[in-house]
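Source file: work-v8.txt. Holds: compact mmCIF, C-alpha atoms.
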```txt
# COMPACT_ATOMS: atom_id res chain seq x y z
CA MET A 1415 109.94 128.12 109.27
CA VAL A 1416 110.67 126.74 105.81
CA TYR A 1417 114.03 125.03 105.32
CA HIS A 1418 115.64 124.52 101.92
CA SER A 1419 119.09 123.17 102.85
CA LEU A 1420 121.00 121.42 105.62
CA ALA A 1421 122.83 124.65 106.45
CA GLU A 1422 119.53 126.11 107.66
CA ILE A 1423 118.57 123.23 109.96
CA ASP A 1424 118.39 124.21 113.63
CA PHE A 1425 116.42 121.28 115.06
CA ALA A 1426 116.46 117.50 115.35
CA LEU A 1427 113.57 115.20 114.55
CA ASP A 1428 113.25 114.22 118.20
CA ASP A 1429 112.78 117.89 119.13
CA LEU A 1430 109.45 118.02 117.32
CA PRO A 1431 106.09 117.16 118.90
CA GLN A 1432 104.65 113.73 118.24
CA ILE A 1433 101.23 113.44 116.61
CA PRO A 1434 99.17 110.29 115.93
CA GLY A 1435 98.84 109.11 112.38
CA PRO A 1436 95.60 109.54 110.42
CA THR A 1437 93.11 106.69 110.69
CA GLN A 1438 90.57 107.35 107.92
CA VAL A 1439 90.83 107.31 104.14
CA LEU A 1440 88.84 109.09 101.43
CA LEU A 1441 88.56 107.74 97.88
CA THR A 1442 86.75 109.37 94.94
CA GLU A 1443 84.68 107.18 92.65
CA PRO A 1444 86.12 107.08 89.10
CA THR A 1445 82.72 107.59 87.44
CA TYR A 1446 84.06 110.25 85.07
CA PHE A 1447 87.75 109.35 85.10
CA ALA A 1448 89.35 109.69 81.66
CA VAL A 1449 92.31 111.29 79.91
CA HIS A 1450 91.00 114.25 77.92
CA TYR A 1451 94.04 116.57 78.03
CA VAL A 1452 97.77 116.54 78.81
CA ILE A 1453 98.90 118.32 81.98
CA ASN A 1454 101.76 115.96 82.87
CA PRO A 1455 104.18 113.88 80.76
CA HIS A 1456 102.46 110.58 81.56
CA MET A 1457 99.21 111.67 79.91
CA ALA A 1458 100.84 112.15 76.51
CA GLY A 1459 99.60 109.50 74.08
CA ASN A 1460 96.82 108.36 76.43
CA ILE A 1461 93.97 110.67 75.44
CA GLY A 1462 90.88 108.48 75.03
CA GLU A 1463 92.77 105.34 76.09
CA VAL A 1464 91.23 104.70 79.53
CA ASP A 1465 89.15 101.53 79.87
CA SER A 1466 86.41 102.79 82.20
CA GLN A 1467 85.18 99.34 83.21
CA GLU A 1468 88.70 98.22 84.10
CA ALA A 1469 89.36 101.49 85.96
CA HIS A 1470 86.30 100.83 88.14
CA ARG A 1471 87.45 97.28 88.85
CA GLN A 1472 90.90 98.54 89.89
CA TRP A 1473 89.40 101.27 92.07
CA TRP A 1474 87.09 98.82 93.87
CA ALA A 1475 90.08 96.55 94.55
CA LEU A 1476 92.01 99.47 96.05
CA GLN A 1477 89.03 100.40 98.22
CA SER A 1478 88.80 96.79 99.43
CA THR A 1479 92.50 96.80 100.26
CA TYR A 1480 92.07 99.69 102.67
CA GLN A 1481 88.98 98.11 104.18
CA ASN A 1482 90.78 94.80 104.66
CA LEU A 1483 93.51 96.66 106.58
CA GLY A 1484 90.86 97.90 109.00
CA ILE A 1485 91.00 101.52 107.86
CA LYS A 1486 87.71 103.42 107.98
CA THR A 1487 86.93 104.18 104.34
CA HIS A 1488 84.86 107.03 102.90
CA THR A 1489 83.92 107.69 99.28
CA ALA A 1490 83.17 110.89 97.43
CA ALA A 1491 81.15 110.91 94.22
CA GLY A 1492 82.86 111.83 91.00
CA VAL A 1493 81.68 114.94 89.15
CA ALA A 1494 81.02 115.23 85.43
CA ASP A 1495 83.83 116.88 83.44
CA LEU A 1496 86.26 116.68 86.41
CA TYR A 1497 88.22 113.78 84.99
CA ASP A 1498 91.11 113.88 87.48
CA MET A 1499 89.00 114.23 90.62
CA VAL A 1500 89.75 110.56 91.37
CA PHE A 1501 93.25 111.71 92.40
CA CYS A 1502 91.98 113.06 95.70
CA ALA A 1503 95.35 113.55 97.41
CA ASN A 1504 95.81 116.82 95.53
CA GLN A 1505 92.95 119.13 96.50
CA THR A 1506 93.47 119.31 100.28
CA LEU A 1507 95.96 118.98 103.13
CA PRO A 1508 94.35 117.49 106.26
CA PHE A 1509 96.23 118.30 109.47
CA ARG A 1510 96.32 117.61 113.19
CA THR A 1511 98.31 119.90 115.49
CA PRO A 1512 100.13 118.91 118.69
CA ALA A 1513 97.23 120.57 120.54
CA SER A 1514 94.85 118.10 118.82
CA GLN A 1515 93.29 120.74 116.56
CA GLN A 1516 92.13 119.08 113.36
CA GLY A 1517 91.32 120.68 110.05
CA VAL A 1518 91.96 120.85 106.33
CA VAL A 1519 93.83 123.37 104.19
CA LEU A 1520 92.36 123.70 100.71
CA GLY A 1521 94.60 123.40 97.69
CA GLN A 1522 94.87 125.78 94.77
CA MET A 1523 95.34 123.70 91.63
CA TYR A 1524 98.00 124.59 89.09
CA ALA A 1525 96.09 123.46 86.00
CA GLU A 1526 92.90 125.29 85.10
CA GLU A 1527 91.27 121.97 84.20
CA ARG A 1528 91.44 120.87 87.87
CA ARG A 1529 90.58 124.04 89.79
CA SER A 1530 86.86 123.26 90.17
CA GLU A 1531 87.66 120.00 91.99
CA VAL A 1532 88.58 121.80 95.22
CA GLU A 1533 85.08 123.07 96.06
CA HIS A 1534 83.73 119.51 96.20
CA PHE A 1535 86.31 118.43 98.80
CA ASP A 1536 85.73 121.67 100.67
CA ARG A 1537 82.09 120.60 100.97
CA PHE A 1538 82.98 117.03 102.00
CA PHE A 1539 85.21 118.11 104.88
CA ARG A 1540 82.89 120.87 106.08
CA GLN A 1541 80.02 118.39 106.22
CA ALA A 1542 82.29 116.03 108.18
CA GLY A 1543 82.78 118.78 110.78
CA TYR A 1544 86.32 119.83 109.93
CA GLN A 1545 87.71 123.33 110.13
CA VAL A 1546 88.57 124.37 106.58
CA ALA A 1547 91.24 126.96 105.82
CA THR A 1548 92.75 128.49 102.70
CA LEU A 1549 96.25 129.86 102.21
CA LEU A 1550 95.49 133.15 100.52
CA PRO A 1551 92.12 133.30 98.74
CA ASP A 1552 92.41 134.03 95.04
CA SER A 1553 96.20 134.11 95.27
CA ALA A 1554 98.33 133.65 92.21
CA PHE A 1555 100.39 130.72 93.51
CA ALA A 1556 99.49 127.03 93.32
CA PHE A 1557 99.37 124.57 96.21
CA GLU A 1558 98.46 120.98 95.35
CA GLY A 1559 97.69 119.55 98.77
CA MET A 1560 99.18 116.19 99.66
CA GLY A 1561 100.39 115.71 96.13
CA ASP A 1562 103.29 117.90 97.26
CA ALA A 1563 102.90 118.36 101.03
CA ILE A 1564 103.46 115.14 102.99
CA TRP A 1565 103.44 114.73 106.77
CA HIS A 1566 106.40 113.04 108.42
CA PRO A 1567 105.04 109.93 110.16
CA ASN A 1568 104.08 110.64 113.79
CA ARG A 1569 105.84 114.03 113.92
CA PHE A 1570 104.57 117.57 113.44
CA LEU A 1571 106.83 118.10 110.43
CA LEU A 1572 105.88 118.65 106.81
CA TRP A 1573 107.82 117.80 103.66
CA GLY A 1574 106.99 120.10 100.75
CA GLY A 1575 107.82 119.47 97.11
CA TYR A 1576 108.03 122.25 94.53
CA GLY A 1577 109.30 122.84 91.02
CA TYR A 1578 106.40 121.79 88.78
CA ARG A 1579 103.07 122.29 90.56
CA THR A 1580 103.18 123.85 94.03
CA ASP A 1581 104.80 127.28 94.26
CA PRO A 1582 107.39 127.46 97.09
CA THR A 1583 105.70 130.67 98.28
CA ALA A 1584 102.82 128.49 99.44
CA TYR A 1585 105.03 126.90 102.09
CA ASP A 1586 105.88 130.25 103.68
CA VAL A 1587 102.16 130.92 104.12
CA LEU A 1588 101.46 127.36 105.26
CA ALA A 1589 104.26 127.43 107.86
CA ASP A 1590 102.74 130.54 109.40
CA LEU A 1591 99.19 129.21 109.21
CA LEU A 1592 99.94 125.93 111.00
CA ASP A 1593 103.05 126.99 112.95
CA VAL A 1594 104.91 123.98 111.55
CA HIS A 1595 108.46 123.28 110.33
CA ILE A 1596 108.51 122.59 106.58
CA LEU A 1597 111.36 120.94 104.69
CA ALA A 1598 111.15 122.19 101.09
CA LEU A 1599 112.35 119.77 98.40
CA HIS A 1600 113.15 121.00 94.89
CA LEU A 1601 111.97 118.54 92.23
CA THR A 1602 114.00 118.48 89.01
CA ASP A 1603 112.49 115.79 86.73
CA ALA A 1604 109.15 116.52 85.03
CA ASP A 1605 108.10 112.85 85.21
CA PHE A 1606 108.07 113.31 88.98
CA TYR A 1607 105.96 116.45 88.99
CA HIS A 1608 104.52 115.90 92.49
CA LEU A 1609 106.47 114.96 95.60
CA ASP A 1610 104.27 111.90 96.07
CA THR A 1611 105.58 110.44 92.80
CA CYS A 1612 109.14 110.13 94.11
CA PHE A 1613 108.89 110.21 97.93
CA CYS A 1614 107.00 107.65 100.02
CA VAL A 1615 107.27 107.88 103.82
CA LEU A 1616 107.10 104.43 105.42
CA ASP A 1617 107.66 105.11 109.11
CA GLU A 1618 109.36 107.74 111.24
CA ARG A 1619 112.84 106.55 110.28
CA THR A 1620 112.34 105.06 106.79
CA VAL A 1621 111.50 106.50 103.37
CA LEU A 1622 111.31 105.16 99.80
CA ILE A 1623 112.49 107.57 97.11
CA TYR A 1624 113.69 107.92 93.54
CA PRO A 1625 116.85 109.96 94.24
CA ARG A 1626 117.39 111.46 90.79
CA ALA A 1627 114.09 113.33 91.01
CA PHE A 1628 115.59 115.74 93.58
CA ALA A 1629 118.03 118.63 93.57
CA PRO A 1630 121.19 117.86 95.63
CA GLU A 1631 120.16 120.05 98.57
CA ALA A 1632 116.78 118.31 98.73
CA LEU A 1633 118.38 114.87 98.68
CA ALA A 1634 120.69 115.92 101.51
CA LEU A 1635 117.70 116.89 103.66
CA ILE A 1636 116.05 113.51 103.08
CA GLN A 1637 119.23 111.62 103.94
CA HIS A 1638 119.68 113.69 107.09
CA PHE A 1639 116.22 113.12 108.58
CA PHE A 1640 115.71 109.44 107.70
CA ASP A 1641 117.91 106.68 109.09
CA GLU A 1642 117.08 104.39 106.16
CA VAL A 1643 116.55 105.68 102.63
CA LEU A 1644 115.36 103.01 100.20
CA GLU A 1645 115.99 103.84 96.55
CA ALA A 1646 113.58 102.53 93.92
CA PRO A 1647 115.14 101.66 90.54
CA GLU A 1648 114.48 104.06 87.70
CA ASP A 1649 112.31 101.77 85.57
CA GLU A 1650 109.91 100.97 88.43
CA ALA A 1651 109.84 104.55 89.70
CA ARG A 1652 109.30 106.16 86.30
CA THR A 1653 106.93 103.71 84.58
CA LEU A 1654 105.21 101.91 87.50
CA PHE A 1655 105.14 104.78 90.02
CA ALA A 1656 106.83 102.62 92.67
CA CYS A 1657 107.27 105.63 94.96
CA ASN A 1658 103.59 106.56 94.67
CA ALA A 1659 102.95 103.70 97.04
CA HIS A 1660 101.25 104.25 100.38
CA CYS A 1661 102.10 102.91 103.84
CA PRO A 1662 99.00 103.67 105.96
CA ASP A 1663 100.09 101.89 109.15
CA GLY A 1664 103.89 101.74 109.28
CA HIS A 1665 103.99 98.16 108.02
CA HIS A 1666 101.83 97.41 104.96
CA VAL A 1667 102.82 99.14 101.71
CA ILE A 1668 100.15 99.32 99.00
CA ILE A 1669 102.01 99.47 95.70
CA GLN A 1670 101.47 99.07 91.96
CA GLN A 1671 101.95 95.48 90.86
CA GLY A 1672 105.19 94.59 89.10
CA CYS A 1673 107.58 96.62 91.27
CA THR A 1674 109.72 93.53 91.90
CA ALA A 1675 112.98 95.18 92.94
CA THR A 1676 111.23 97.78 95.08
CA ASN A 1677 109.20 95.08 96.84
CA GLN A 1678 112.40 93.23 97.67
CA LEU A 1679 113.82 96.40 99.23
CA LEU A 1680 110.65 96.85 101.24
CA CYS A 1681 110.65 93.27 102.50
CA GLU A 1682 114.31 93.46 103.50
CA ALA A 1683 113.52 96.60 105.50
CA GLY A 1684 110.70 94.83 107.37
CA PHE A 1685 107.68 96.08 105.41
CA LEU A 1686 104.95 94.01 103.75
CA PRO A 1687 104.09 95.01 100.16
CA ILE A 1688 100.49 94.60 98.98
CA GLU A 1689 100.32 94.73 95.20
CA VAL A 1690 97.36 96.33 93.45
CA ASP A 1691 96.72 97.11 89.79
CA THR A 1692 96.40 100.83 89.00
CA SER A 1693 97.45 100.57 85.37
CA GLU A 1694 94.46 102.53 84.06
CA PHE A 1695 95.29 105.40 86.42
CA LEU A 1696 98.96 105.36 85.46
CA LYS A 1697 97.79 106.59 82.05
CA ALA A 1698 96.85 109.88 83.75
CA GLY A 1699 100.00 110.09 85.86
CA GLY A 1700 98.85 108.70 89.21
CA SER A 1701 98.77 105.56 91.30
CA VAL A 1702 97.97 104.53 94.88
CA PHE A 1703 99.03 107.60 96.87
CA CYS A 1704 97.38 109.98 94.40
CA MET A 1705 94.10 108.08 94.59
CA LYS A 1706 93.44 108.53 98.30
CA GLN A 1707 93.40 111.12 101.05
CA MET A 1708 94.16 110.14 104.64
CA PHE A 1709 92.71 112.20 107.47
CA TRP A 1710 92.12 112.05 111.22
```
Output the file's structure as structure tokens, nothing else.
Amino acid sequence: MVYHSLAEIDFALDDLPQIPGPTQVLLTEPTYFAVHYVINPHMAGNIGEVDSQEAHRQWWALQSTYQNLGIKTHTAAGVADLYDMVFCANQTLPFRTPASQQGVVLGQMYAEERRSEVEHFDRFFRQAGYQVATLLPDSAFAFEGMGDAIWHPNRFLLWGGYGYRTDPTAYDVLADLLDVHILALHLTDADFYHLDTCFCVLDERTVLIYPRAFAPEALALIQHFFDEVLEAPEDEARTLFACNAHCPDGHHVIIQQGCTATNQLLCEAGFLPIEVDTSEFLKAGGSVFCMKQMFW
């Protein structure tokens, strides 16, 4: 079932099956990364402004960060003319069910410029032996993978953002496909066009958010299901993508450098920030979470 408000909730978090967290990460080489068009507000004014050499240096440092944390790391090659393929959270939704079935749901990209990216990740996961599913082939609605659909840590529960990219209809289909509860969150600020730009799950009870990116009913759902809701300040959330951080293990938080106030919140809550530089990728509207895909 898909839930849009607290009035619809008929379960508690502890009622849901536990699932292990993903242990592997996929990164896409930024060989062709550039800003050649504007499909989100952050790209405006940045056409032709990416320093390719610096982008590669930043990407290698991010890859090393995951490796140093002991996470098995995979890389996919970039493809010519697919400039945003480096943001590999968007094209797929890996899953693991309580019955230990593992697979991947393919995304359906909103922007025409990005639609050809999906077939390359389809091929990667098929070759890795994963079951690959689609929502509704050739359907009219968009679904942008883990850019908008984010698993609750260690529970078979999905958070789903909508309002700018993913169509809420996608969650009805996805709920039936995976037999999973989905909490749908309405996004209301175009700077935060994906859920992963304003919502960073840290552990089963803790989340980092930018609260003004959400409609009131969405914010109420977040506050209901998390015991501790950390709120990033507007400047760090909007310009440094503080909430596009990633906590791969329930303790370390990989985050864009310079998020001083957010890092203090994280430390006070018992997490360990690891700063990286993704400034070249911020020019295209993405940071750490956008640049990786975790899977089992």
Using all atoms listed in the file, which residues sit within 12 Å of A:Tyr1585 once same-chain residues fewer than 5 positions away are excluded, as a short mmCIF file (atom, residue, chain, number, x, y, z; two decimals) with C-alpha atoms, keeping the file's coordinate frame?
```
data_model
loop_
_atom_site.label_atom_id
_atom_site.label_comp_id
_atom_site.auth_asym_id
_atom_site.auth_seq_id
_atom_site.Cartn_x
_atom_site.Cartn_y
_atom_site.Cartn_z
CA MET A 1415 109.94 128.12 109.27
CA VAL A 1416 110.67 126.74 105.81
CA TYR A 1417 114.03 125.03 105.32
CA HIS A 1418 115.64 124.52 101.92
CA VAL A 1519 93.83 123.37 104.19
CA GLY A 1521 94.60 123.40 97.69
CA LEU A 1549 96.25 129.86 102.21
CA LEU A 1550 95.49 133.15 100.52
CA PHE A 1555 100.39 130.72 93.51
CA ALA A 1556 99.49 127.03 93.32
CA PHE A 1557 99.37 124.57 96.21
CA GLU A 1558 98.46 120.98 95.35
CA GLY A 1559 97.69 119.55 98.77
CA ASP A 1562 103.29 117.90 97.26
CA ALA A 1563 102.90 118.36 101.03
CA ILE A 1564 103.46 115.14 102.99
CA LEU A 1572 105.88 118.65 106.81
CA TRP A 1573 107.82 117.80 103.66
CA GLY A 1574 106.99 120.10 100.75
CA GLY A 1575 107.82 119.47 97.11
CA TYR A 1576 108.03 122.25 94.53
CA THR A 1580 103.18 123.85 94.03
CA ASP A 1590 102.74 130.54 109.40
CA LEU A 1591 99.19 129.21 109.21
CA LEU A 1592 99.94 125.93 111.00
CA ASP A 1593 103.05 126.99 112.95
CA VAL A 1594 104.91 123.98 111.55
CA HIS A 1595 108.46 123.28 110.33
CA ILE A 1596 108.51 122.59 106.58
CA LEU A 1597 111.36 120.94 104.69
CA ALA A 1598 111.15 122.19 101.09
CA LEU A 1599 112.35 119.77 98.40
#
```
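Among the candidates A:Val1621, A:Val1439, A:Ala1629, A:Leu1696, the one nearest to A:Gly1577 when counting all atoms listed in the file is A:Ala1629.
With only C-alpha atoms as the atoms that count, the minimum distance from A:Asp1429 to the choices A:Phe1655, A:Phe1570, A:Trp1565, A:Phe1447 is reached by A:Phe1570.
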**Q.** atom CA of A:Val1587 to atom CA of A:Val1546, straight-line distance in Å
**A.** 15.3 Å
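The smallest atom-to-atom distance between A:Tyr1497 and any of A:Gln1671, A:Thr1445, A:Thr1602, A:Gln1481, using only C-alpha atoms, is found for A:Thr1445.
Closest approach to A:Leu1609 from the set A:Leu1420, A:Ala1503, A:Ala1698, A:Leu1441 is made by A:Ala1503, with distances taken over only C-alpha atoms.
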Q. By how many Å are atom CA of A:Leu1507 and atom CA of A:Asn1454 apart?
A. 21.3 Å
**Q.** Who sits within 12 Å of A:Ile1433, all atoms listed in the file, same chain under 2 positions skipped, as a VMD selection string
**A.** chain A and resid 1430 to 1431 1435 to 1436 1509 to 1516 1565 to 1571 1618 1710
Contacts of stretch 1613-1682 of chain A with stretch 1467-1478 of chain A up to 12 Å, shortest pair per row, all atoms listed in the file, as CSV:
```
residue,atom,partner,partner_atom,distance
A:Ala1659,CA,A:Leu1476,CA,11.8
A:His1660,CA,A:Leu1476,CA,11.3
A:Ile1668,CA,A:Leu1476,CA,8.7
A:Ile1669,CA,A:Leu1476,CA,10.0
A:Gln1670,CA,A:Leu1476,CA,10.3
A:Gln1671,CA,A:Gln1472,CA,11.5
```
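Take the candidates A:Arg1652, A:His1638, A:Arg1540, A:His1666 and check each one against A:Leu1427 using only C-alpha atoms; the shortest distance goes to A:His1638.
Candidate residues A:Val1667, A:Asp1581, A:Leu1588, A:Asn1677 were compared for distance to A:Leu1520, and the nearest is A:Leu1588, using all atoms listed in the file.
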Q. At most 12 Å from (89.2, 123.7, 86.1), file frame, all atoms listed in the file: which residues, as number ranges by chain?
A. A: 1451, 1453, 1493-1499, 1505, 1522-1533
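Atom CA of A:Glu1650 to atom CA of A:Ile1485 spans 27.1 Å [interatomic distance, one decimal].
The protein and nucleic acid residues lying at most 6 Å from A:Cys1657 are Thr1611, Cys1612, Phe1613, Cys1614, Ile1623 and Ala1651 of chain A, with only C-alpha atoms considered and sequence neighbours fewer than 3 positions away removed.
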Q: Quick one: residues within 6 Å of (113.7, 112.0, 86.4) (file frame), counting only C-alpha atoms, please, as a ChimeraX atom specification.
A: /A:1603,1605,1626-1627
Since the input lacks atoms, please generate N, CA and C atoms for stretch 1660-1683 of chain A and provide them as a PDB file, keeping the file's coordinate frame.
```pdb
ATOM      1  N   HIS A1660     101.776 103.657  99.155  1.00  0.00           N
ATOM      2  CA  HIS A1660     101.250 104.250 100.380  1.00  0.00           C
ATOM      3  C   HIS A1660     101.380 103.251 101.522  1.00  0.00           C
ATOM      4  N   CYS A1661     101.970 103.716 102.629  1.00  0.00           N
ATOM      5  CA  CYS A1661     102.100 102.910 103.840  1.00  0.00           C
ATOM      6  C   CYS A1661     101.190 103.528 104.903  1.00  0.00           C
ATOM      7  N   PRO A1662      99.962 103.024 105.066  1.00  0.00           N
ATOM      8  CA  PRO A1662      99.000 103.670 105.960  1.00  0.00           C
ATOM      9  C   PRO A1662      99.195 103.367 107.436  1.00  0.00           C
ATOM     10  N   ASP A1663     100.009 102.356 107.759  1.00  0.00           N
ATOM     11  CA  ASP A1663     100.090 101.890 109.150  1.00  0.00           C
ATOM     12  C   ASP A1663     101.498 101.593 109.644  1.00  0.00           C
ATOM     13  N   GLY A1664     102.510 101.991 108.866  1.00  0.00           N
ATOM     14  CA  GLY A1664     103.890 101.740 109.280  1.00  0.00           C
ATOM     15  C   GLY A1664     104.382 100.342 108.990  1.00  0.00           C
ATOM     16  N   HIS A1665     103.580  99.534 108.320  1.00  0.00           N
ATOM     17  CA  HIS A1665     103.990  98.160 108.020  1.00  0.00           C
ATOM     18  C   HIS A1665     103.582  97.720 106.607  1.00  0.00           C
ATOM     19  N   HIS A1666     102.302  97.802 106.289  1.00  0.00           N
ATOM     20  CA  HIS A1666     101.830  97.410 104.960  1.00  0.00           C
ATOM     21  C   HIS A1666     102.101  98.527 103.957  1.00  0.00           C
ATOM     22  N   VAL A1667     102.554  98.159 102.770  1.00  0.00           N
ATOM     23  CA  VAL A1667     102.820  99.140 101.710  1.00  0.00           C
ATOM     24  C   VAL A1667     101.993  98.753 100.485  1.00  0.00           C
ATOM     25  N   ILE A1668     100.998  99.565 100.169  1.00  0.00           N
ATOM     26  CA  ILE A1668     100.150  99.320  99.000  1.00  0.00           C
ATOM     27  C   ILE A1668     100.864  99.908  97.795  1.00  0.00           C
ATOM     28  N   ILE A1669     101.122  99.076  96.788  1.00  0.00           N
ATOM     29  CA  ILE A1669     102.010  99.470  95.700  1.00  0.00           C
ATOM     30  C   ILE A1669     101.539  98.865  94.377  1.00  0.00           C
ATOM     31  N   GLN A1670     101.799  99.561  93.294  1.00  0.00           N
ATOM     32  CA  GLN A1670     101.470  99.070  91.960  1.00  0.00           C
ATOM     33  C   GLN A1670     102.150  97.724  91.703  1.00  0.00           C
ATOM     34  N   GLN A1671     101.394  96.807  91.124  1.00  0.00           N
ATOM     35  CA  GLN A1671     101.950  95.480  90.860  1.00  0.00           C
ATOM     36  C   GLN A1671     103.105  95.561  89.858  1.00  0.00           C
ATOM     37  N   GLY A1672     104.056  94.664  90.018  1.00  0.00           N
ATOM     38  CA  GLY A1672     105.190  94.590  89.100  1.00  0.00           C
ATOM     39  C   GLY A1672     106.447  95.275  89.576  1.00  0.00           C
ATOM     40  N   CYS A1673     106.399  95.913  90.743  1.00  0.00           N
ATOM     41  CA  CYS A1673     107.580  96.620  91.270  1.00  0.00           C
ATOM     42  C   CYS A1673     108.475  95.623  92.031  1.00  0.00           C
ATOM     43  N   THR A1674     109.026  94.675  91.301  1.00  0.00           N
ATOM     44  CA  THR A1674     109.720  93.530  91.900  1.00  0.00           C
ATOM     45  C   THR A1674     110.909  93.948  92.756  1.00  0.00           C
ATOM     46  N   ALA A1675     111.783  94.774  92.208  1.00  0.00           N
ATOM     47  CA  ALA A1675     112.980  95.180  92.940  1.00  0.00           C
ATOM     48  C   ALA A1675     112.631  96.043  94.144  1.00  0.00           C
ATOM     49  N   THR A1676     111.661  96.923  93.968  1.00  0.00           N
ATOM     50  CA  THR A1676     111.230  97.780  95.080  1.00  0.00           C
ATOM     51  C   THR A1676     110.614  96.941  96.193  1.00  0.00           C
ATOM     52  N   ASN A1677     109.809  95.956  95.832  1.00  0.00           N
ATOM     53  CA  ASN A1677     109.200  95.080  96.840  1.00  0.00           C
ATOM     54  C   ASN A1677     110.254  94.328  97.635  1.00  0.00           C
ATOM     55  N   GLN A1678     111.316  93.921  96.957  1.00  0.00           N
ATOM     56  CA  GLN A1678     112.400  93.230  97.670  1.00  0.00           C
ATOM     57  C   GLN A1678     113.041  94.167  98.690  1.00  0.00           C
ATOM     58  N   LEU A1679     113.268  95.418  98.301  1.00  0.00           N
ATOM     59  CA  LEU A1679     113.820  96.400  99.230  1.00  0.00           C
ATOM     60  C   LEU A1679     112.903  96.581 100.436  1.00  0.00           C
ATOM     61  N   LEU A1680     111.607  96.667 100.168  1.00  0.00           N
ATOM     62  CA  LEU A1680     110.650  96.850 101.240  1.00  0.00           C
ATOM     63  C   LEU A1680     110.648  95.668 102.202  1.00  0.00           C
ATOM     64  N   CYS A1681     110.656  94.473 101.658  1.00  0.00           N
ATOM     65  CA  CYS A1681     110.650  93.270 102.500  1.00  0.00           C
ATOM     66  C   CYS A1681     111.916  93.191 103.349  1.00  0.00           C
ATOM     67  N   GLU A1682     113.043  93.504 102.757  1.00  0.00           N
ATOM     68  CA  GLU A1682     114.310  93.460 103.500  1.00  0.00           C
ATOM     69  C   GLU A1682     114.334  94.477 104.626  1.00  0.00           C
ATOM     70  N   ALA A1683     113.583  95.564 104.471  1.00  0.00           N
ATOM     71  CA  ALA A1683     113.520  96.600 105.500  1.00  0.00           C
ATOM     72  C   ALA A1683     112.421  96.326 106.534  1.00  0.00           C
TER      73      ALA A1683
END
```
